[in-house]
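Undergrad: The file below is input.cif, mmCIF, C-alpha atoms:
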```cif
data_final
loop_
_atom_site.label_atom_id
_atom_site.label_comp_id
_atom_site.auth_asym_id
_atom_site.auth_seq_id
_atom_site.Cartn_x
_atom_site.Cartn_y
_atom_site.Cartn_z
CA MET A 1 54.33 122.69 104.71
CA GLN A 2 55.35 125.67 106.82
CA PRO A 3 55.75 125.44 110.59
CA SER A 4 52.82 127.69 111.45
CA HIS A 5 50.14 125.24 110.30
CA ARG A 6 50.76 122.68 113.02
CA GLN A 7 49.70 124.85 115.91
CA GLY A 8 46.75 126.34 114.06
CA ARG A 9 45.21 123.03 113.14
CA ARG A 10 45.05 121.99 116.80
CA VAL A 11 43.03 125.00 118.00
CA ARG A 12 39.67 123.55 118.99
CA ALA A 13 36.31 125.22 119.23
CA LEU A 14 34.91 124.84 122.76
CA PHE A 15 31.45 124.27 121.37
CA GLY A 16 32.66 121.35 119.29
CA ALA A 17 34.30 119.78 122.34
CA LEU A 18 31.18 120.29 124.46
CA LEU A 19 28.95 118.79 121.78
CA THR A 20 31.17 115.73 121.44
CA SER A 21 31.27 115.31 125.23
CA LEU A 22 27.48 115.34 125.40
CA VAL A 23 27.24 112.76 122.60
CA ALA A 24 29.84 110.61 124.34
CA LEU A 25 27.94 110.83 127.65
CA ALA A 26 24.74 109.77 125.94
CA ALA A 27 26.54 106.83 124.38
CA LEU A 28 27.96 105.70 127.71
CA LEU A 29 24.60 106.03 129.48
CA THR A 30 22.60 104.21 126.84
CA GLY A 31 25.19 101.72 125.60
CA ALA A 32 24.54 102.96 122.07
CA SER A 33 27.30 103.31 119.51
CA ALA A 34 26.59 107.02 118.96
CA SER A 35 27.61 106.63 115.33
CA HIS A 36 26.33 109.17 112.86
CA ALA A 37 26.06 107.52 109.47
CA ASP A 38 25.69 110.04 106.65
CA THR A 39 25.90 113.05 108.97
CA THR A 40 27.35 116.12 107.22
CA ILE A 41 29.52 118.56 109.20
CA CYS A 42 30.43 121.95 107.73
CA GLU A 43 31.21 123.82 110.96
CA GLU A 44 34.84 124.92 111.14
CA PHE A 45 35.67 122.74 114.15
CA GLY A 46 32.54 120.59 114.19
CA SER A 47 32.89 117.02 115.43
CA THR A 48 30.91 113.92 116.35
CA THR A 49 31.58 110.35 117.47
CA ILE A 50 31.47 107.02 115.65
CA LYS A 51 31.38 103.47 117.01
CA GLY A 52 30.93 104.98 120.47
CA ARG A 53 34.71 105.34 120.80
CA TYR A 54 36.25 107.63 118.14
CA VAL A 55 35.89 111.34 117.36
CA VAL A 56 35.57 112.60 113.77
CA GLN A 57 36.44 116.28 113.33
CA ASN A 58 36.15 118.69 110.39
CA ASN A 59 39.05 120.81 111.71
CA ARG A 60 39.15 123.52 109.00
CA TRP A 61 41.61 126.15 110.19
CA GLY A 62 43.79 127.23 107.25
CA THR A 63 41.14 128.76 104.98
CA SER A 64 37.84 130.60 105.11
CA ALA A 65 36.52 128.54 102.20
CA THR A 66 33.82 125.96 102.88
CA GLN A 67 34.77 122.43 103.83
CA CYS A 68 32.19 119.76 104.65
CA ILE A 69 32.71 116.16 105.66
CA THR A 70 30.21 113.33 105.56
CA VAL A 71 30.57 111.06 108.59
CA THR A 72 29.90 107.36 108.09
CA ASP A 73 29.63 104.48 110.53
CA SER A 74 33.28 103.62 109.95
CA GLY A 75 34.98 106.89 109.02
CA PHE A 76 34.34 109.95 106.86
CA ARG A 77 34.77 111.46 103.41
CA ILE A 78 35.34 115.04 102.34
CA ALA A 79 32.10 116.09 100.66
CA GLN A 80 33.10 119.66 99.78
CA ALA A 81 36.53 121.27 99.75
CA ASP A 82 36.42 124.74 98.26
CA GLY A 83 39.43 126.92 97.56
CA SER A 84 43.16 126.29 97.56
CA VAL A 85 46.26 127.56 99.37
CA PRO A 86 49.92 127.75 98.25
CA THR A 87 51.70 124.40 98.42
CA ASN A 88 54.74 125.98 100.08
CA GLY A 89 52.63 126.96 103.09
CA ALA A 90 50.17 125.43 105.48
CA PRO A 91 47.36 123.11 104.29
CA LYS A 92 43.73 124.12 104.47
CA SER A 93 42.71 121.73 107.21
CA TYR A 94 43.12 118.34 108.84
CA PRO A 95 39.78 116.48 108.75
CA SER A 96 40.42 113.34 110.75
CA VAL A 97 39.23 110.58 113.06
CA TYR A 98 40.99 109.93 116.33
CA ASN A 99 41.34 107.99 119.56
CA GLY A 100 42.51 109.99 122.57
CA CYS A 101 42.39 113.63 123.59
CA HIS A 102 42.65 116.68 121.33
CA TYR A 103 42.29 120.11 122.92
CA THR A 104 40.10 118.84 125.81
CA ASN A 105 37.97 116.81 123.38
CA CYS A 106 38.55 113.19 124.45
CA SER A 107 37.09 110.19 122.66
CA PRO A 108 34.66 108.04 124.69
CA GLY A 109 36.27 105.41 126.92
CA THR A 110 39.81 106.10 125.71
CA ASN A 111 42.85 104.75 127.56
CA LEU A 112 44.76 107.87 126.57
CA PRO A 113 46.81 109.66 127.77
CA ALA A 114 48.92 106.65 128.71
CA ARG A 115 52.59 106.46 129.63
CA LEU A 116 54.64 104.81 126.90
CA ASN A 117 56.35 102.35 129.24
CA THR A 118 52.96 101.07 130.41
CA ILE A 119 51.63 100.32 126.92
CA SER A 120 52.08 96.69 125.87
CA GLY A 121 50.79 97.40 122.39
CA ALA A 122 48.70 99.89 120.41
CA PRO A 123 47.31 98.00 117.39
CA THR A 124 45.57 100.11 114.78
CA SER A 125 44.16 99.76 111.29
CA ILE A 126 43.35 102.35 108.66
CA SER A 127 41.94 102.31 105.13
CA TYR A 128 42.07 105.34 102.83
CA SER A 129 40.33 106.15 99.56
CA TYR A 130 42.13 108.58 97.26
CA VAL A 131 41.07 110.85 94.39
CA SER A 132 42.73 112.61 91.48
CA GLY A 133 42.73 116.35 90.84
CA ALA A 134 43.79 117.31 94.36
CA VAL A 135 46.97 118.21 96.24
CA TYR A 136 47.16 116.61 99.68
CA ASP A 137 48.80 114.16 102.04
CA ALA A 138 47.12 111.26 103.82
CA ALA A 139 48.61 111.39 107.30
CA TYR A 140 48.38 109.25 110.43
CA ASP A 141 49.40 111.38 113.44
CA ILE A 142 50.80 110.17 116.77
CA TRP A 143 51.11 112.77 119.54
CA LEU A 144 53.54 112.47 122.48
CA ASP A 145 54.12 114.71 125.49
CA PRO A 146 56.11 114.61 128.75
CA THR A 147 52.84 115.15 130.67
CA PRO A 148 49.41 113.47 130.43
CA ARG A 149 47.89 116.62 129.00
CA THR A 150 44.51 116.62 127.36
CA ASP A 151 44.77 120.16 125.97
CA GLY A 152 47.24 122.33 124.10
CA VAL A 153 50.12 121.46 121.79
CA ASN A 154 52.10 118.31 122.54
CA ARG A 155 55.89 118.24 122.47
CA THR A 156 56.38 115.72 119.64
CA GLU A 157 54.26 114.88 116.62
CA ILE A 158 54.93 111.72 114.63
CA MET A 159 53.44 111.75 111.13
CA ILE A 160 53.07 108.69 108.91
CA TRP A 161 52.47 109.81 105.34
CA PHE A 162 50.52 107.03 103.63
CA ASN A 163 50.31 109.08 100.45
CA ARG A 164 51.19 112.50 99.08
CA VAL A 165 50.12 114.13 95.82
CA GLY A 166 51.64 117.34 94.50
CA SER A 167 54.65 119.40 95.57
CA VAL A 168 54.08 119.14 99.31
CA GLN A 169 56.57 117.93 101.87
CA PRO A 170 56.84 117.34 105.63
CA VAL A 171 58.17 119.81 108.18
CA GLY A 172 61.97 119.95 108.34
CA SER A 173 64.32 118.08 106.06
CA PRO A 174 65.18 114.47 105.13
CA VAL A 175 67.41 112.68 107.63
CA GLY A 176 67.70 109.30 105.91
CA SER A 177 65.59 106.18 105.67
CA ALA A 178 64.41 103.58 108.17
CA THR A 179 62.52 100.33 108.39
CA VAL A 180 59.71 100.62 110.92
CA ALA A 181 56.89 98.11 111.45
CA GLY A 182 58.20 96.07 108.54
CA ARG A 183 58.07 98.90 105.97
CA GLN A 184 60.70 101.16 104.47
CA TRP A 185 60.27 104.93 104.97
CA GLN A 186 61.95 108.18 104.05
CA VAL A 187 62.41 110.00 107.35
CA TRP A 188 62.09 113.77 107.85
CA SER A 189 62.74 115.68 111.05
CA GLY A 190 62.19 119.29 112.05
CA ASN A 191 60.41 121.73 114.32
CA ASN A 192 57.47 123.92 113.38
CA GLY A 193 58.04 126.52 116.06
CA THR A 194 55.76 124.88 118.62
CA ASN A 195 56.65 121.17 118.57
CA ASP A 196 59.08 118.67 117.08
CA VAL A 197 57.84 116.77 114.02
CA LEU A 198 59.14 113.35 112.95
CA SER A 199 57.69 112.21 109.62
CA PHE A 200 57.79 108.82 107.90
CA VAL A 201 56.99 109.10 104.19
CA ALA A 202 55.95 106.02 102.22
CA PRO A 203 57.77 105.61 98.88
CA SER A 204 54.43 104.77 97.22
CA ALA A 205 50.81 105.11 98.25
CA ILE A 206 49.47 102.77 100.94
CA ASP A 207 45.71 102.19 100.72
CA SER A 208 45.29 100.26 103.96
CA TRP A 209 47.49 98.87 106.71
CA ASN A 210 47.41 97.27 110.16
CA PHE A 211 50.33 98.17 112.44
CA ASP A 212 51.40 98.91 116.02
CA VAL A 213 51.67 102.59 116.92
CA MET A 214 54.32 101.71 119.49
CA ASP A 215 56.81 100.80 116.74
CA PHE A 216 56.86 104.44 115.68
CA ALA A 217 56.83 105.76 119.25
CA ARG A 218 59.89 103.64 120.08
CA ASN A 219 61.64 104.98 116.99
CA ALA A 220 61.01 108.53 118.21
CA VAL A 221 62.48 107.58 121.59
CA SER A 222 65.57 106.12 119.90
CA ARG A 223 66.08 109.47 118.12
CA GLY A 224 65.84 111.48 121.33
CA LEU A 225 62.48 113.04 120.38
CA ALA A 226 60.62 111.37 123.25
CA GLN A 227 61.30 109.40 126.44
CA ASN A 228 59.85 106.13 127.70
CA ASP A 229 58.11 107.94 130.56
CA TRP A 230 56.35 110.35 128.18
CA TYR A 231 52.67 109.97 127.33
CA LEU A 232 50.82 108.95 124.19
CA THR A 233 47.90 111.41 124.09
CA SER A 234 46.16 110.67 120.79
CA VAL A 235 46.37 108.92 117.42
CA GLN A 236 44.66 110.52 114.43
CA ALA A 237 44.10 109.59 110.79
CA GLY A 238 43.03 111.99 108.06
CA PHE A 239 44.08 114.30 105.25
CA GLU A 240 45.89 117.61 104.84
CA PRO A 241 44.55 119.14 101.61
CA TRP A 242 46.11 122.15 99.88
CA GLN A 243 44.00 122.13 96.73
CA ASN A 244 40.53 120.62 96.30
CA GLY A 245 40.16 117.26 98.13
CA ALA A 246 36.49 116.38 97.70
CA GLY A 247 36.08 112.60 97.71
CA LEU A 248 39.08 111.79 99.89
CA ALA A 249 37.94 109.34 102.55
CA VAL A 250 38.93 107.34 105.58
CA THR A 251 36.83 104.25 104.92
CA SER A 252 37.71 102.45 108.16
CA PHE A 253 39.64 103.17 111.35
CA SER A 254 40.36 101.28 114.54
CA SER A 255 42.68 101.94 117.46
CA THR A 256 43.28 100.07 120.70
CA VAL A 257 45.76 100.89 123.45
CA ASN A 258 46.61 97.87 125.60
CA LEU A 259 48.00 98.68 129.02
CA GLY A 260 50.34 96.25 130.72
CA GLY A 261 53.82 97.76 130.98
CA SER A 262 56.15 97.69 133.93
CA THR A 263 56.04 101.13 135.53
CA PRO A 264 53.13 101.85 137.88
CA GLY A 265 52.08 105.07 139.51
CA GLY A 266 51.05 107.60 136.85
CA PRO A 267 47.88 108.57 135.00
CA GLY A 268 47.07 105.98 132.39
CA ASP A 269 49.14 103.30 134.13
CA PRO A 270 47.76 99.77 134.52
CA GLY A 271 46.02 99.36 137.80
CA GLY A 272 48.49 97.25 139.74
CA PRO A 273 47.40 95.79 143.11
CA ALA A 274 43.91 96.89 144.06
CA ALA A 275 41.19 95.76 146.46
CA CYS A 276 38.40 94.13 144.48
CA LYS A 277 35.19 92.15 144.70
CA VAL A 278 33.77 89.90 141.98
CA THR A 279 30.13 89.01 141.51
CA TYR A 280 29.70 85.99 139.23
CA GLY A 281 26.10 85.55 138.14
CA THR A 282 25.10 82.62 135.93
CA SER A 283 22.17 81.16 134.05
CA ALA A 284 22.60 77.48 133.16
CA TRP A 285 20.65 74.93 131.14
CA PRO A 286 21.58 71.39 130.11
CA GLY A 287 24.90 71.65 128.30
CA GLY A 288 25.11 75.45 128.22
CA PHE A 289 25.34 78.57 130.36
CA THR A 290 25.91 82.32 130.41
CA ALA A 291 27.97 84.21 132.99
CA ASP A 292 27.64 87.88 133.94
CA VAL A 293 30.72 89.04 135.83
CA THR A 294 30.89 92.31 137.78
CA VAL A 295 34.27 93.59 138.96
CA ALA A 296 34.15 96.19 141.73
CA ASN A 297 37.08 98.37 142.82
CA THR A 298 36.84 98.41 146.60
CA GLY A 299 40.16 100.20 147.03
CA SER A 300 41.06 103.90 147.21
CA SER A 301 43.03 104.14 143.94
CA PRO A 302 41.71 104.00 140.37
CA VAL A 303 42.31 100.92 138.23
CA ASN A 304 43.46 101.92 134.74
CA GLY A 305 43.58 98.80 132.60
CA TRP A 306 42.64 95.44 134.13
CA LYS A 307 43.03 91.71 133.73
CA LEU A 308 40.81 89.32 135.69
CA THR A 309 42.12 85.77 135.98
CA PHE A 310 40.17 82.71 137.11
CA THR A 311 39.92 79.00 136.39
CA LEU A 312 36.91 77.47 134.69
CA PRO A 313 35.82 74.16 136.23
CA GLY A 314 36.60 71.02 134.20
CA GLY A 315 34.35 70.45 131.21
CA GLN A 316 33.47 74.14 130.75
CA ARG A 317 34.39 75.99 127.57
CA ILE A 318 33.74 79.61 126.52
CA THR A 319 32.16 80.07 123.09
CA ASN A 320 31.84 83.88 122.94
CA ALA A 321 32.26 86.92 125.19
CA TRP A 322 31.27 90.58 125.35
CA ASN A 323 32.77 93.70 126.98
CA ALA A 324 36.09 91.88 127.45
CA ALA A 325 38.50 89.63 125.59
CA VAL A 326 38.59 86.24 127.33
CA SER A 327 41.21 83.61 126.51
CA PRO A 328 41.90 80.76 126.31
CA SER A 329 38.47 79.14 126.06
CA SER A 330 38.97 76.68 128.94
CA GLY A 331 41.09 76.04 132.01
CA SER A 332 42.90 79.05 133.48
CA VAL A 333 41.51 82.06 131.60
CA THR A 334 42.15 85.82 131.57
CA ALA A 335 39.55 88.48 130.84
CA THR A 336 41.12 91.71 129.54
CA ASN A 337 39.27 95.01 129.51
CA ALA A 338 37.77 96.50 126.37
CA ALA A 339 38.68 100.08 125.42
CA HIS A 340 35.46 101.52 126.85
CA ASN A 341 35.66 99.91 130.31
CA ALA A 342 39.40 99.99 131.07
CA SER A 343 39.10 102.39 134.02
CA ILE A 344 37.42 101.52 137.31
CA ALA A 345 37.21 104.39 139.77
CA PRO A 346 37.44 103.77 143.53
CA GLY A 347 34.02 102.52 144.58
CA GLY A 348 33.11 101.90 140.95
CA GLN A 349 32.55 98.74 139.00
CA THR A 350 32.47 97.34 135.49
CA SER A 351 31.09 94.16 133.98
CA PHE A 352 31.52 91.69 131.16
CA GLY A 353 29.99 88.39 130.20
CA PHE A 354 30.35 85.24 128.18
CA GLN A 355 28.49 82.19 126.96
CA GLY A 356 29.78 78.65 127.19
CA SER A 357 29.14 74.94 127.21
CA TYR A 358 29.78 72.33 129.90
CA ASP A 359 29.81 68.61 130.57
CA GLY A 360 28.64 66.94 133.76
CA SER A 361 27.48 69.05 136.69
CA PHE A 362 27.60 72.85 136.42
CA VAL A 363 29.66 74.67 139.06
CA LYS A 364 31.13 78.17 139.34
CA PRO A 365 34.79 79.26 139.60
CA THR A 366 35.87 79.78 143.18
CA ALA A 367 38.76 82.30 142.96
CA PHE A 368 39.45 85.49 141.02
CA SER A 369 42.44 87.84 140.79
CA LEU A 370 42.46 91.40 139.43
CA ASN A 371 45.85 92.49 138.09
CA GLY A 372 47.44 89.79 140.22
CA THR A 373 45.58 90.63 143.44
CA PRO A 374 43.06 88.09 144.85
CA CYS A 375 39.47 89.40 145.01
CA THR A 376 36.68 88.67 147.41
CA THR A 377 33.49 87.19 145.95
CA ALA A 378 29.93 88.24 146.50
#
```
The structure in this file should be written as structure tokens.
TA:
Amino acid sequence: MQPSHRQGRRVRALFGALLTSLVALAALLTGASASHADTTICEEFGSTTIKGRYVVQNNRWGTSATQCITVTDSGFRIAQADGSVPTNGAPKSYPSVYNGCHYTNCSPGTNLPARLNTISGAPTSISYSYVSGAVYDAAYDIWLDPTPRTDGVNRTEIMIWFNRVGSVQPVGSPVGSATVAGRQWQVWSGNNGTNDVLSFVAPSAIDSWNFDVMDFARNAVSRGLAQNDWYLTSVQAGFEPWQNGAGLAVTSFSSTVNLGGSTPGGPGDPGGPAACKVTYGTSAWPGGFTADVTVANTGSSPVNGWKLTFTLPGGQRITNAWNAAVSPSSGSVTATNAAHNASIAPGGQTSFGFQGSYDGSFVKPTAFSLNGTPCTTA
């Protein structure tokens, strides 16, 4: 791969970004998933959303030949991949699915950009399906920048090569091996003329894997290619084909960015102390109940990432929850935001709910704290 391809593949069509934004807005307003099962995209920079939280993009920039992708509920596959380019140059494209922001096109409800030292974890999972008769790499990209930018080229790109077929290689040159996230990798490092590239190449093909993006981000920091106060702007999973590529597929993708680090004060940081009001509505019947909880930000600063703590009265136990992760199931519990409702603007509010069981008389919790700050109750 030659340096020039990295910048070219990140040039976005404004129409594609606008279309995705409109789809995302519709999803947020209706609560729908905005997934597009079996939708075919052949536009050069065409994109859509899946699961109401990820963007799938065709992103054909290195060739004038036709490329089409078929978007599924859980990922995409390359339906048509005409033409080929020399393997000692840039690939044809980077069809991919991502969480975060890519040339002003941000996925719905994303926590990104987020400062590295405020991220407690970034669990992700990816499953690929490979084909024969093609030259390509299957690459998971992690983008880092000193600023919380949502456009343009980031300073550092981390690539995880799950598979490579043919005589293609990462930007730069080999700099040794490393164990990251419990796996052994051949490490390459270089610069493509616009940004640094740190690549981790698997010794054999990986079909699917669950891992923490932060393990690779911390490795980049240890090599001086990023700093702890830099920002994670997006994570992306897809393919770089040089020859053919029809049938290659991302069969599933998930990405979550959990905020909860130690440094407050920047975009993407966890909310910290904030004025808040909680409305706790319930519907109870003998032995069971549901609770609808609304959290309002009554302060003047945004809350980016939240945890609401409260104590369930004795005999109550949560059996399932929605729009938040709530644990443990009894006693002193903590509700943690989902990806789509992590931010609460000043004067804004968000809500979650759960179902539970109880013994004896039914009563409500009496005290709530948001990110460690006591809230008033309605």
Undergrad: I'd like the neighbourhood of segment 90-107 of chain A as a PyMOL selection string, where a residue qualifies if any of its atoms comes within 6 Å (using only C-alpha atoms), though same-chain residues fewer than 2 positions away should be ignored.
TA: chain A and resi 1-2+5+12+17+53-63+110+112+150-152+233-242
Undergrad: Hey, what comes out of the PyMOL selection byres ((chain A and resi 78-88) around 6) on this file? Could you write it as JSON, numbers by chain?
TA: {"A": [1, 65, 66, 67, 68, 69, 70, 77, 89, 168, 242, 243, 244, 245, 246, 247, 248]}
Undergrad: Could you turn the residues from that selection into a file that holds C-alpha atoms, as a CSV table (one decimal), in the frame of the given file?
TA:
```csv
chain,number,residue,atom,x,y,z
A,1,MET,CA,54.3,122.7,104.7
A,65,ALA,CA,36.5,128.5,102.2
A,66,THR,CA,33.8,126.0,102.9
A,67,GLN,CA,34.8,122.4,103.8
A,68,CYS,CA,32.2,119.8,104.6
A,69,ILE,CA,32.7,116.2,105.7
A,70,THR,CA,30.2,113.3,105.6
A,77,ARG,CA,34.8,111.5,103.4
A,89,GLY,CA,52.6,127.0,103.1
A,168,VAL,CA,54.1,119.1,99.3
A,242,TRP,CA,46.1,122.2,99.9
A,243,GLN,CA,44.0,122.1,96.7
A,244,ASN,CA,40.5,120.6,96.3
A,245,GLY,CA,40.2,117.3,98.1
A,246,ALA,CA,36.5,116.4,97.7
A,247,GLY,CA,36.1,112.6,97.7
A,248,LEU,CA,39.1,111.8,99.9
```
Undergrad: Under the PyMOL selection byres ((chain A and resi 342-352) around 9), which residues of this model are included? Write them out as a PDB file with C-alpha atoms, keeping the file's coordinate frame.
TA:
```pdb
ATOM      1  CA  GLY A 109      36.270 105.410 126.920  1.00  0.00           C
ATOM      2  CA  THR A 110      39.810 106.100 125.710  1.00  0.00           C
ATOM      3  CA  ASN A 111      42.850 104.750 127.560  1.00  0.00           C
ATOM      4  CA  LEU A 259      48.000  98.680 129.020  1.00  0.00           C
ATOM      5  CA  GLY A 268      47.070 105.980 132.390  1.00  0.00           C
ATOM      6  CA  GLY A 271      46.020  99.360 137.800  1.00  0.00           C
ATOM      7  CA  ALA A 291      27.970  84.210 132.990  1.00  0.00           C
ATOM      8  CA  ASP A 292      27.640  87.880 133.940  1.00  0.00           C
ATOM      9  CA  VAL A 293      30.720  89.040 135.830  1.00  0.00           C
ATOM     10  CA  THR A 294      30.890  92.310 137.780  1.00  0.00           C
ATOM     11  CA  VAL A 295      34.270  93.590 138.960  1.00  0.00           C
ATOM     12  CA  ALA A 296      34.150  96.190 141.730  1.00  0.00           C
ATOM     13  CA  ASN A 297      37.080  98.370 142.820  1.00  0.00           C
ATOM     14  CA  THR A 298      36.840  98.410 146.600  1.00  0.00           C
ATOM     15  CA  GLY A 299      40.160 100.200 147.030  1.00  0.00           C
ATOM     16  CA  SER A 300      41.060 103.900 147.210  1.00  0.00           C
ATOM     17  CA  SER A 301      43.030 104.140 143.940  1.00  0.00           C
ATOM     18  CA  PRO A 302      41.710 104.000 140.370  1.00  0.00           C
ATOM     19  CA  VAL A 303      42.310 100.920 138.230  1.00  0.00           C
ATOM     20  CA  ASN A 304      43.460 101.920 134.740  1.00  0.00           C
ATOM     21  CA  GLY A 305      43.580  98.800 132.600  1.00  0.00           C
ATOM     22  CA  TRP A 306      42.640  95.440 134.130  1.00  0.00           C
ATOM     23  CA  ALA A 321      32.260  86.920 125.190  1.00  0.00           C
ATOM     24  CA  TRP A 322      31.270  90.580 125.350  1.00  0.00           C
ATOM     25  CA  ASN A 323      32.770  93.700 126.980  1.00  0.00           C
ATOM     26  CA  ALA A 324      36.090  91.880 127.450  1.00  0.00           C
ATOM     27  CA  ALA A 335      39.550  88.480 130.840  1.00  0.00           C
ATOM     28  CA  THR A 336      41.120  91.710 129.540  1.00  0.00           C
ATOM     29  CA  ASN A 337      39.270  95.010 129.510  1.00  0.00           C
ATOM     30  CA  ALA A 338      37.770  96.500 126.370  1.00  0.00           C
ATOM     31  CA  ALA A 339      38.680 100.080 125.420  1.00  0.00           C
ATOM     32  CA  HIS A 340      35.460 101.520 126.850  1.00  0.00           C
ATOM     33  CA  ASN A 341      35.660  99.910 130.310  1.00  0.00           C
ATOM     34  CA  GLY A 353      29.990  88.390 130.200  1.00  0.00           C
ATOM     35  CA  PHE A 354      30.350  85.240 128.180  1.00  0.00           C
TER      36      PHE A 354
END
```
Undergrad: Separation of atom CA of Ser74 of chain A and atom CA of Asn258 of chain A, in Å?
TA: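 Value for the atom CA of Ser74 of chain A-atom CA of Asn258 of chain A distance: 21.3 Å.
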Undergrad: Expand the PyMOL selection byres ((chain A and resi 359) around 7) into the individual residues it matches in the shown file, reporting them as a list in words.
TA: Gly287, Gly315, Gln316, Tyr358, Gly360 and Ser361 of chain A
Undergrad: Counting only C-alpha atoms, figure out which residue out of A:Gly356, A:Gly331, A:Pro170, A:Pro313 gets nearest to Phe289 of chain A.
TA: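 Smallest distance to Phe289 of chain A is found for A:Gly356.
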Undergrad: Would you mind reading off the distance between atom CA of Trp161 of chain A and atom CA of Val257 of chain A, one decimal, in Å?
TA: 21.3 Å
Undergrad: How far is it from atom CA of Asn228 of chain A to atom CA of Leu116 of chain A, in Å with one decimal?
TA: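 Straight-line distance from atom CA of Asn228 of chain A to atom CA of Leu116 of chain A works out to 5.4 Å.
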Undergrad: Compare A:Pro203, A:Pro113, A:Gly288, A:Gly176 by their minimum atom-to-atom distance to Ile160 of chain A, counting only C-alpha atoms, and give me the closest one.
TA: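 Of A:Pro203, A:Pro113, A:Gly288, A:Gly176, the one nearest Ile160 of chain A is A:Pro203, counting only C-alpha atoms.
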Undergrad: Have a look at A:Ala134, A:Ile158, A:Ala249, A:Ala205 and name the one nearest to Val187 of chain A; count only C-alpha atoms.
TA: A:Ile158
Undergrad: Which of these, A:Ile119, A:Val250, A:Ile318, A:Val131, has the shortest distance to Ala217 of chain A once you count all atoms listed in the file?
TA: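 Selected residue with least distance to Ala217 of chain A: A:Ile119.
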Undergrad: Given the choices A:Gly190, A:Ser208, A:Val171, A:Phe362, which gets closest to Thr251 of chain A if the distance is worked out from all atoms listed in the file?
TA: A:Ser208
Undergrad: List as number ranges by chain the protein and nucleic acid residues near Val333 of chain A, meaning an atom at most 9 Å away when only C-alpha atoms are counted, but skip any in the same chain fewer than 6 places from it.
TA: A: 308-312, 326-327
Undergrad: Select, from A:Ser252, A:Thr48, A:Thr319, A:Thr377, the residue with the minimum atom-to-atom distance to Asn210 of chain A, counting only C-alpha atoms.
TA: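 Looking only at the distances to Asn210 of chain A, the closest residue turns out to be A:Ser252.
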